[in-house]
Structures are given as C-alpha cells and as structure tokens.
>>> print(open('start_2.txt').read())   # compact mmCIF, C-alpha atoms
# COMPACT_ATOMS: atom_id res chain seq x y z
CA MET A 1 -120.79 -51.01 -37.15
CA PHE A 2 -123.92 -49.13 -36.10
CA ASP A 3 -124.07 -48.69 -32.38
CA GLN A 4 -127.58 -48.00 -31.23
CA ASN A 5 -130.38 -49.49 -29.22
CA ILE A 6 -132.29 -52.19 -31.00
CA SER A 7 -135.97 -51.40 -31.50
CA LYS A 8 -138.83 -53.86 -31.17
CA LYS A 9 -139.46 -53.66 -34.92
CA GLU A 10 -135.82 -54.40 -35.72
CA LYS A 11 -135.95 -57.47 -33.49
CA GLU A 12 -139.17 -58.59 -35.16
CA LEU A 13 -137.56 -58.15 -38.58
CA VAL A 14 -134.61 -60.37 -37.71
CA ILE A 15 -136.86 -62.96 -36.08
CA ALA A 16 -139.02 -63.03 -39.22
CA ARG A 17 -135.88 -63.57 -41.29
CA LEU A 18 -134.85 -66.42 -39.01
CA GLU A 19 -138.27 -68.08 -39.06
CA VAL A 20 -138.11 -68.81 -42.78
CA LEU A 21 -134.80 -70.66 -42.47
CA SER A 22 -134.28 -74.36 -41.98
CA PRO A 23 -134.53 -75.36 -38.31
CA GLU A 24 -131.38 -77.41 -38.90
CA LEU A 25 -129.21 -74.28 -39.11
CA HIS A 26 -127.08 -73.50 -36.05
CA PHE A 27 -125.20 -70.36 -35.13
CA SER A 28 -121.98 -69.86 -33.22
CA VAL A 29 -121.53 -66.27 -32.10
CA GLY A 30 -118.22 -65.02 -30.83
CA SER A 31 -116.48 -66.64 -27.93
CA ASP A 32 -119.67 -68.05 -26.52
CA SER A 33 -119.22 -71.80 -26.69
CA LYS A 34 -123.00 -72.19 -26.96
CA ASN A 35 -124.20 -73.52 -30.23
CA LEU A 36 -127.67 -72.23 -30.95
CA SER A 37 -130.29 -73.61 -33.28
CA ARG A 38 -132.58 -71.33 -35.23
CA ASP A 39 -135.32 -71.60 -32.61
CA GLU A 40 -132.88 -71.11 -29.72
CA MET A 41 -131.56 -67.98 -31.40
CA ILE A 42 -135.09 -66.63 -31.79
CA GLN A 43 -135.55 -67.23 -28.07
CA GLN A 44 -132.30 -65.38 -27.29
CA ILE A 45 -133.46 -62.40 -29.36
CA MET A 46 -136.83 -62.33 -27.65
CA GLU A 47 -135.11 -62.43 -24.24
CA ASP A 48 -132.74 -59.57 -25.18
CA SER A 49 -129.71 -61.63 -24.21
CA ALA A 50 -126.21 -60.46 -25.16
CA ILE A 51 -125.93 -63.14 -27.83
CA GLY A 52 -129.36 -62.23 -29.20
CA LYS A 53 -128.45 -58.56 -29.36
CA GLU A 54 -125.19 -59.35 -31.14
CA PHE A 55 -127.07 -61.47 -33.66
CA VAL A 56 -129.55 -58.68 -34.43
CA LYS A 57 -126.79 -56.07 -34.61
CA ILE A 58 -124.89 -58.09 -37.23
CA ASP A 59 -127.98 -58.59 -39.36
CA LEU A 60 -128.96 -54.91 -39.22
CA ASN A 61 -125.41 -53.93 -40.12
CA PHE A 62 -125.60 -56.21 -43.16
CA LEU A 63 -128.98 -54.86 -44.28
CA ARG A 64 -127.74 -51.28 -43.91
CA ALA A 65 -124.60 -52.10 -45.90
CA LEU A 66 -126.85 -53.46 -48.63
CA LYS A 67 -128.92 -50.29 -48.56
CA ASP A 68 -126.10 -47.74 -48.55
CA GLY A 69 -124.01 -49.54 -51.15
CA SER A 70 -121.04 -50.34 -48.94
CA LEU A 71 -121.75 -54.05 -49.34
CA MET A 72 -121.46 -53.78 -53.12
CA LYS A 73 -118.17 -51.91 -52.81
CA GLU A 74 -116.91 -54.64 -50.49
CA LEU A 75 -117.78 -57.33 -53.05
CA ILE A 76 -115.31 -56.00 -55.61
CA PRO A 77 -112.21 -58.23 -55.55
CA VAL A 78 -108.90 -56.53 -54.79
CA MET B 1 -84.61 -75.11 -44.56
CA PRO B 2 -88.13 -76.34 -43.74
CA LYS B 3 -90.87 -73.98 -42.63
CA VAL B 4 -91.92 -74.80 -39.07
CA ILE B 5 -95.50 -74.10 -37.99
CA ILE B 6 -97.22 -74.67 -34.67
CA ALA B 7 -101.00 -74.80 -34.31
CA THR B 8 -103.48 -75.18 -31.46
CA ASN B 9 -106.80 -76.95 -31.84
CA PRO B 10 -108.57 -77.27 -28.46
CA SER B 11 -111.67 -78.80 -30.04
CA ASP B 12 -113.68 -78.66 -26.81
CA ASP B 13 -116.94 -77.14 -28.06
CA LYS B 14 -118.78 -76.96 -31.36
CA PRO B 15 -117.04 -73.91 -32.86
CA THR B 16 -113.55 -75.18 -32.05
CA GLU B 17 -114.54 -78.71 -33.14
CA TYR B 18 -115.41 -77.34 -36.56
CA LEU B 19 -112.12 -75.40 -36.67
CA ALA B 20 -110.20 -78.57 -35.81
CA SER B 21 -112.08 -80.76 -38.29
CA TRP B 22 -111.38 -78.31 -41.08
CA PHE B 23 -107.76 -77.99 -39.99
CA LYS B 24 -107.31 -81.45 -41.54
CA LYS B 25 -107.20 -79.64 -44.87
CA ILE B 26 -104.15 -77.76 -43.65
CA ILE B 27 -102.59 -80.98 -42.37
CA THR B 28 -103.15 -82.55 -45.79
CA LEU B 29 -101.58 -79.55 -47.52
CA VAL B 30 -98.57 -79.71 -45.21
CA GLY B 31 -98.23 -83.40 -46.08
CA ILE B 32 -98.06 -82.54 -49.77
CA THR B 33 -95.72 -79.59 -49.20
CA LYS B 34 -92.44 -81.30 -48.47
CA ASP B 35 -90.75 -78.26 -46.93
CA THR B 36 -93.18 -77.66 -44.04
CA ILE B 37 -93.19 -79.18 -40.55
CA LEU B 38 -96.38 -78.80 -38.48
CA PHE B 39 -96.77 -79.24 -34.71
CA ASP B 40 -100.51 -79.52 -34.01
CA LEU B 41 -101.40 -79.21 -30.30
CA LYS B 42 -104.76 -80.92 -29.97
CA LYS B 43 -107.31 -80.88 -27.15
CA GLU B 44 -105.58 -80.92 -23.70
CA ASN B 45 -102.22 -80.28 -25.38
CA ALA B 46 -103.50 -76.90 -26.52
CA ASN B 47 -102.18 -75.24 -23.37
CA ARG B 48 -99.76 -72.42 -22.62
CA GLU B 49 -96.98 -74.62 -21.22
CA GLU B 50 -96.88 -76.89 -24.26
CA LEU B 51 -97.16 -73.98 -26.68
CA THR B 52 -94.27 -72.18 -24.96
CA ARG B 53 -92.15 -75.33 -24.80
CA ILE B 54 -92.48 -76.06 -28.51
CA ILE B 55 -91.98 -72.45 -29.56
CA GLU B 56 -88.76 -72.28 -27.51
CA LYS B 57 -87.51 -75.63 -28.81
CA GLU B 58 -88.58 -75.58 -32.47
CA LYS B 59 -88.61 -71.84 -33.12
CA PRO B 60 -91.56 -71.92 -35.56
CA ARG B 61 -91.94 -69.17 -38.13
CA GLY B 62 -95.73 -69.66 -38.27
CA VAL B 63 -98.07 -69.75 -35.26
CA ILE B 64 -101.71 -70.64 -35.93
CA LEU B 65 -103.93 -70.39 -32.87
CA ASN B 66 -107.50 -71.63 -33.19
CA GLY B 67 -109.57 -70.96 -30.11
CA HIS B 68 -111.72 -68.44 -28.34
CA GLY B 69 -110.63 -64.98 -27.44
CA ASN B 70 -111.24 -61.41 -26.49
CA SER B 71 -109.37 -58.19 -27.09
CA LYS B 72 -106.59 -59.12 -24.65
CA CYS B 73 -106.32 -62.89 -24.77
CA ILE B 74 -106.61 -66.04 -26.88
CA THR B 75 -107.39 -69.33 -25.21
CA GLY B 76 -106.71 -73.02 -25.66
CA PHE B 77 -108.29 -76.09 -24.10
CA SER B 78 -111.01 -75.34 -21.51
CA GLN B 79 -110.63 -71.69 -22.46
CA GLN B 80 -107.38 -71.39 -20.53
CA PRO B 81 -105.22 -68.49 -21.75
CA LEU B 82 -102.52 -69.22 -24.33
CA VAL B 83 -101.30 -65.71 -25.13
CA GLU B 84 -102.29 -62.64 -23.11
CA CYS B 85 -101.58 -58.92 -23.25
CA ASP B 86 -98.87 -57.88 -20.79
CA VAL B 87 -98.27 -61.51 -19.78
CA ASN B 88 -96.55 -63.46 -22.57
CA GLU B 89 -97.05 -61.78 -25.93
CA GLU B 90 -93.27 -61.84 -26.42
CA ILE B 91 -93.32 -65.60 -27.07
CA LEU B 92 -94.46 -64.77 -30.61
CA LYS B 93 -91.40 -62.65 -31.36
CA GLY B 94 -90.12 -63.40 -34.87
CA THR B 95 -93.27 -65.23 -35.97
CA VAL B 96 -96.07 -64.78 -38.47
CA ALA B 97 -99.19 -65.33 -36.35
CA HIS B 98 -102.71 -66.21 -37.43
CA PHE B 99 -105.40 -66.12 -34.72
CA MET B 100 -108.80 -67.61 -35.40
CA ALA B 101 -110.54 -66.06 -32.40
CA CYS B 102 -112.81 -63.14 -31.61
CA ASP B 103 -111.58 -59.59 -31.07
CA SER B 104 -107.90 -60.57 -31.09
CA ALA B 105 -106.91 -57.81 -33.51
CA ILE B 106 -108.10 -55.07 -31.15
CA GLU B 107 -105.36 -55.07 -28.50
CA LEU B 108 -103.60 -58.42 -28.52
CA GLY B 109 -102.60 -58.26 -32.19
CA PRO B 110 -100.95 -54.83 -31.92
CA LYS B 111 -99.24 -55.89 -28.66
CA ILE B 112 -97.82 -58.96 -30.36
CA ILE B 113 -96.41 -56.79 -33.16
CA ASP B 114 -94.98 -54.34 -30.62
CA ALA B 115 -93.33 -57.29 -28.86
CA GLY B 116 -91.51 -58.34 -32.02
CA ALA B 117 -93.84 -60.54 -34.06
CA ILE B 118 -93.34 -60.06 -37.81
CA SER B 119 -97.00 -60.10 -38.82
CA PHE B 120 -100.41 -60.83 -37.36
CA ILE B 121 -103.62 -61.83 -39.09
CA GLY B 122 -106.83 -61.94 -37.08
CA TYR B 123 -110.26 -60.47 -36.46
CA LYS B 124 -111.18 -57.20 -34.79
CA GLU B 125 -114.70 -58.20 -33.76
CA LYS B 126 -116.62 -61.37 -32.97
CA LEU B 127 -116.32 -64.32 -35.32
CA HIS B 128 -119.52 -65.85 -36.65
CA LEU B 129 -120.16 -69.36 -37.91
CA VAL B 130 -123.28 -70.87 -39.45
CA HIS B 131 -123.43 -74.66 -39.70
CA LEU B 132 -125.65 -77.72 -39.41
CA ASN B 133 -124.38 -78.86 -36.00
CA LYS B 134 -122.78 -82.03 -37.33
CA GLN B 135 -121.29 -84.38 -34.79
CA THR B 136 -118.51 -86.35 -36.50
CA GLU B 137 -115.33 -84.99 -38.02
CA ASP B 138 -116.26 -86.26 -41.49
CA ASP B 139 -119.75 -84.80 -41.30
CA GLN B 140 -118.33 -81.46 -40.12
CA MET B 141 -115.93 -81.41 -43.07
CA ASN B 142 -118.86 -82.09 -45.42
CA ASP B 143 -121.19 -79.53 -43.81
CA PRO B 144 -122.42 -77.45 -46.77
CA MET B 145 -122.83 -74.24 -44.73
CA ILE B 146 -119.62 -74.09 -42.72
CA ARG B 147 -117.53 -74.16 -45.89
CA PHE B 148 -118.62 -70.62 -46.68
CA PHE B 149 -116.96 -69.52 -43.43
CA LEU B 150 -113.94 -71.76 -42.96
CA ASP B 151 -112.68 -72.06 -46.54
CA PRO B 152 -111.89 -68.32 -46.73
CA ALA B 153 -110.64 -68.18 -43.15
CA TYR B 154 -108.14 -70.97 -43.80
CA GLU B 155 -107.21 -69.63 -47.23
CA VAL B 156 -104.75 -67.33 -45.43
CA ILE B 157 -102.91 -70.32 -44.01
CA LYS B 158 -102.95 -72.23 -47.30
CA SER B 159 -101.56 -69.24 -49.18
CA LEU B 160 -98.83 -68.70 -46.59
CA ILE B 161 -97.81 -72.36 -46.75
CA SER B 162 -97.71 -72.14 -50.54
CA GLY B 163 -95.13 -69.36 -50.25
CA LYS B 164 -97.16 -66.19 -50.63
CA THR B 165 -96.60 -63.05 -48.58
CA VAL B 166 -98.82 -62.08 -45.65
CA LYS B 167 -100.50 -59.40 -47.73
CA GLU B 168 -101.07 -61.76 -50.66
CA ALA B 169 -102.49 -64.40 -48.30
CA TYR B 170 -104.78 -61.82 -46.73
CA VAL B 171 -106.02 -60.69 -50.16
CA ASP B 172 -106.62 -64.32 -51.22
CA SER B 173 -108.70 -64.84 -48.09
CA GLN B 174 -110.64 -61.61 -48.54
CA ASN B 175 -111.40 -62.47 -52.15
CA MET B 176 -112.66 -65.91 -51.17
CA TYR B 177 -114.87 -64.31 -48.52
CA ARG B 178 -116.25 -62.05 -51.28
CA GLU B 179 -116.91 -64.97 -53.65
CA ASN B 180 -118.74 -66.89 -50.93
CA LEU B 181 -120.70 -63.81 -49.91
CA LEU B 182 -121.83 -63.31 -53.51
CA THR B 183 -122.92 -66.95 -53.68
CA LEU B 184 -124.96 -66.66 -50.49
CA ILE B 185 -126.62 -63.47 -51.73
CA THR B 186 -127.39 -64.57 -55.28
CA SER B 187 -127.96 -68.33 -55.07
CA THR B 188 -131.47 -69.65 -55.64
CA ASN B 189 -130.76 -72.42 -53.11
CA PRO B 190 -133.01 -71.50 -50.16
CA ASP B 191 -130.45 -72.83 -47.69
CA TYR B 192 -127.96 -70.19 -48.87
CA ASN B 193 -129.64 -67.29 -47.14
CA THR B 194 -128.90 -63.66 -46.45
CA LEU B 195 -128.85 -64.20 -42.68
CA ALA B 196 -125.79 -66.39 -43.17
CA ALA B 197 -124.49 -63.78 -45.62
CA GLY B 198 -124.70 -61.13 -42.91
CA ARG B 199 -122.50 -63.20 -40.64
CA LEU B 200 -120.01 -63.83 -43.42
CA TYR B 201 -119.97 -60.11 -44.25
CA ALA B 202 -119.02 -59.42 -40.62
CA ASN B 203 -116.09 -61.88 -40.80
CA LEU B 204 -114.95 -60.37 -44.11
CA THR B 205 -114.94 -56.81 -42.82
CA ASN B 206 -113.39 -57.69 -39.46
CA GLN B 207 -110.40 -59.62 -40.79
CA VAL B 208 -107.17 -57.58 -40.69
CA TYR B 209 -103.44 -58.01 -40.97
CA LEU B 210 -100.88 -56.06 -38.98
CA GLY B 211 -97.11 -55.75 -39.27
CA ASP B 212 -95.00 -56.68 -42.30
CA GLY B 213 -97.22 -57.49 -45.30
CA ASP B 214 -94.22 -58.60 -47.35
CA ALA B 215 -93.19 -61.33 -44.91
CA ARG B 216 -93.46 -65.01 -45.79
CA LEU B 217 -93.40 -68.15 -43.71
>>> encode(input="start_2.txt", output="structure tokens")
Amino acid sequence: MFDQNISKKEKELVIARLEVLSPELHFSVGSDSKNLSRDEMIQQIMEDSAIGKEFVKIDLNFLRALKDGSLMKELIPV
Amino acid sequence: MPKVIIATNPSDDKPTEYLASWFKKIITLVGITKDTILFDLKKENANREELTRIIEKEKPRGVILNGHGNSKCITGFSQQPLVECDVNEEILKGTVAHFMACDSAIELGPKIIDAGAISFIGYKEKLHLVHLNKQTEDDQMNDPMIRFFLDPAYEVIKSLISGKTVKEAYVDSQNMYRENLLTLITSTNPDYNTLAAGRLYANLTNQVYLGDGDARL
C-alpha cells in the first residue's frame, strides 16, 4: 500500500471515476457502519474525511498495481 | 464425529446485514452436509457471553465471526467486543477461526494463534464492499454487485466444511477473488467497473491465513 498524501489531482481523478458510475452503487468501507452512496462518497472525498481518504487510497493503489504489473501477477491462479 | 461450528451474525448495519443474508448459503450447505452442526448467534445473541458459553459447552472446531473489527478486537451486536487482544483470545484455543472483519489479522490473529488456536483466516486491512443497498434478505442475496465480494470471502468456509485443509480453502478463496476481479476488469457490462475492482483487489491482497495450513475442521 502506498502511503502518501493525496493530491488534489488524485482526488479529482477518483471523483471523476465515481461520477460515471450508477448512482445506485453503495460503498461500505472498513468498520464504519455508514453505507455511502456514490454521491455521498464523492462528498466525503471532497471533505477530506477519513473514509474519503481511505476510498481514494484504495483506488490509487489499484491503479498503480495495474501500471506496475503487480495486478497482473496477482491475477494468476495458484 | 460431527464437525461443530459456531458463527456470529450481528446484522445491525448494512455491511453486517449483507454478511448475514449471504450466510444463508453456509446454512444451506451445512444442511446438506450431514456431518456438520452449526450454532449461529444472530443479532443480540452475537455477544461475548453467549459466544463463550457455547464454545465452552459445545467445543466447536470452527469459529466464524462476522462483524466489525480493528487490529485488536472483533465485535458482535452493537459493536460490543467478542474477542479482544489480552482479554479473551484464549477462548479460541483448539479452533480454526475465520474472521470477516477489518484489520483482524494484524494483531488479534497472531495473538489467537499464540494462545493456542490451530489456524486463523482473516484480513490485515480494511474490508471493502460494493453493493446496491438492498433492504430485504432476498434482495441482498440477489444483489449482483455484492456477489463479487462475498462469494470469494465465504468460499473459505464452504471449502472447510467440504473437508479441505485451511491452506486449500484459502487458495480456493483467493482464486475466486481473482476470477471475480478479472470479470470486473474485463466485462463490457458498465455496472462491473474498475472502482469496484479496486476494492475487490484490496480484499484479495489483504486476506491471509496464519497457523497450521494443513488443519481441517
């Protein structure tokens, strides 16, 4: 997991990725019992909340794994 | 001798509701598998006293805790602690434990193994779910998004009940995570998106097993 501050552009990227999804999608993140819709998650990201930061971090980690090939290695069945 | 399993399903918010709804698949499997007895502590019964009482009385080999958690604790109903580091991890001595809760493999899992549990399967970071916020049990079971997350997570339990080892069950689960991840990445269905894939990738890479990989239920 990459541990770094999240830039404005990275937040905008993840928000843009969220905006094209169905508004019906909901996200449960960690032990937070909140259940957030697409639009509520966008709001959390814009407000820099802990749940918003976690959401962005996971997406950036995935995109970086796609870029550096580690995702492809992970997809090979054992 | 029948396999005895105890499970907790607090079902008091949306994530744990989904876990409980999908646990019906495990209940159905147990019904088909004649040699397995399941004690399912639901809602208010998912508490430490009841869990301890049944473990002491029935001596289950398998302990499946669905709930919320952090590195030191897993909770039951109303997020009250069920098992905590340096408090009661020894109650899982002699068991194969599966925790469906965030961060439990960081400290609690190793503590449980140190205290005498045979094996532990859990997650070392936060768990992520993507779903359509369905309200009824049937609708939650038919939610087309949640299946990508809960089918592989519960595959561990199914494989264990079917007689496989902890390591085999873990590999079955990991491979199902991989299959679902590939579907989310490559499908032309616009609802199967890479944002959901990112969350599933996190669950895949954060799932671990500790202890004896050759153990069975």
>>> atom_distance(input="start_2.txt", atom1="CA of Lys167 in chain B", atom2="CA of Ser11 in chain B")
28.5 Å
>>> interface_residues(input="start_2.txt", of="chain A", to="chain B", cutoff="12 Å", atoms="only C-alpha atoms", output="PyMOL selection string")
chain A and resi 1+13-38+41+51+54-66+70-78
>>> residues_around(input="start_2.txt", residues="Asp40 in chain B", least_positions_apart="2", cutoff="9 Å", atoms="only C-alpha atoms", output="PDB file with C-alpha atoms, keeping the file's coordinate frame")
ATOM      1  CA  ILE B   5     -95.500 -74.100 -37.990  1.00  0.00           C
ATOM      2  CA  ILE B   6     -97.220 -74.670 -34.670  1.00  0.00           C
ATOM      3  CA  ALA B   7    -101.000 -74.800 -34.310  1.00  0.00           C
ATOM      4  CA  THR B   8    -103.480 -75.180 -31.460  1.00  0.00           C
ATOM      5  CA  ASN B   9    -106.800 -76.950 -31.840  1.00  0.00           C
ATOM      6  CA  ILE B  27    -102.590 -80.980 -42.370  1.00  0.00           C
ATOM      7  CA  LEU B  38     -96.380 -78.800 -38.480  1.00  0.00           C
ATOM      8  CA  LYS B  42    -104.760 -80.920 -29.970  1.00  0.00           C
ATOM      9  CA  ASN B  45    -102.220 -80.280 -25.380  1.00  0.00           C
ATOM     10  CA  ALA B  46    -103.500 -76.900 -26.520  1.00  0.00           C
TER      11      ALA B  46
END
>>> residues_near_point(input="start_2.txt", point="(-119.2, -77.5, -40.9)", cutoff="6 Å", atoms="only C-alpha atoms", output="PDB file with C-alpha atoms, in the coordinates of the input")
ATOM      1  CA  TYR B  18    -115.410 -77.340 -36.560  1.00  0.00           C
ATOM      2  CA  HIS B 131    -123.430 -74.660 -39.700  1.00  0.00           C
ATOM      3  CA  GLN B 140    -118.330 -81.460 -40.120  1.00  0.00           C
ATOM      4  CA  MET B 141    -115.930 -81.410 -43.070  1.00  0.00           C
ATOM      5  CA  ASP B 143    -121.190 -79.530 -43.810  1.00  0.00           C
ATOM      6  CA  ILE B 146    -119.620 -74.090 -42.720  1.00  0.00           C
TER       7      ILE B 146
END
>>> atom_distance(input="start_2.txt", atom1="CA of Val87 in chain B", atom2="CA of Glu56 in chain B")
16.3 Å
>>> atom_distance(input="start_2.txt", atom1="CA of Gly122 in chain B", atom2="CA of Ile26 in chain B")
17.3 Å
>>> closest_residue(input="start_2.txt", among="B:Ile106, B:Ala169, B:Leu184, B:Cys85", to="Arg147 in chain B", atoms="all atoms listed in the file")
B:Leu184
>>> residues_around(input="start_2.txt", residues="Val96 in chain B", least_positions_apart="4", cutoff="8 Å", atoms="only C-alpha atoms", output="MDAnalysis selection string")
chainID B and resid 61:63 117:120 215:217
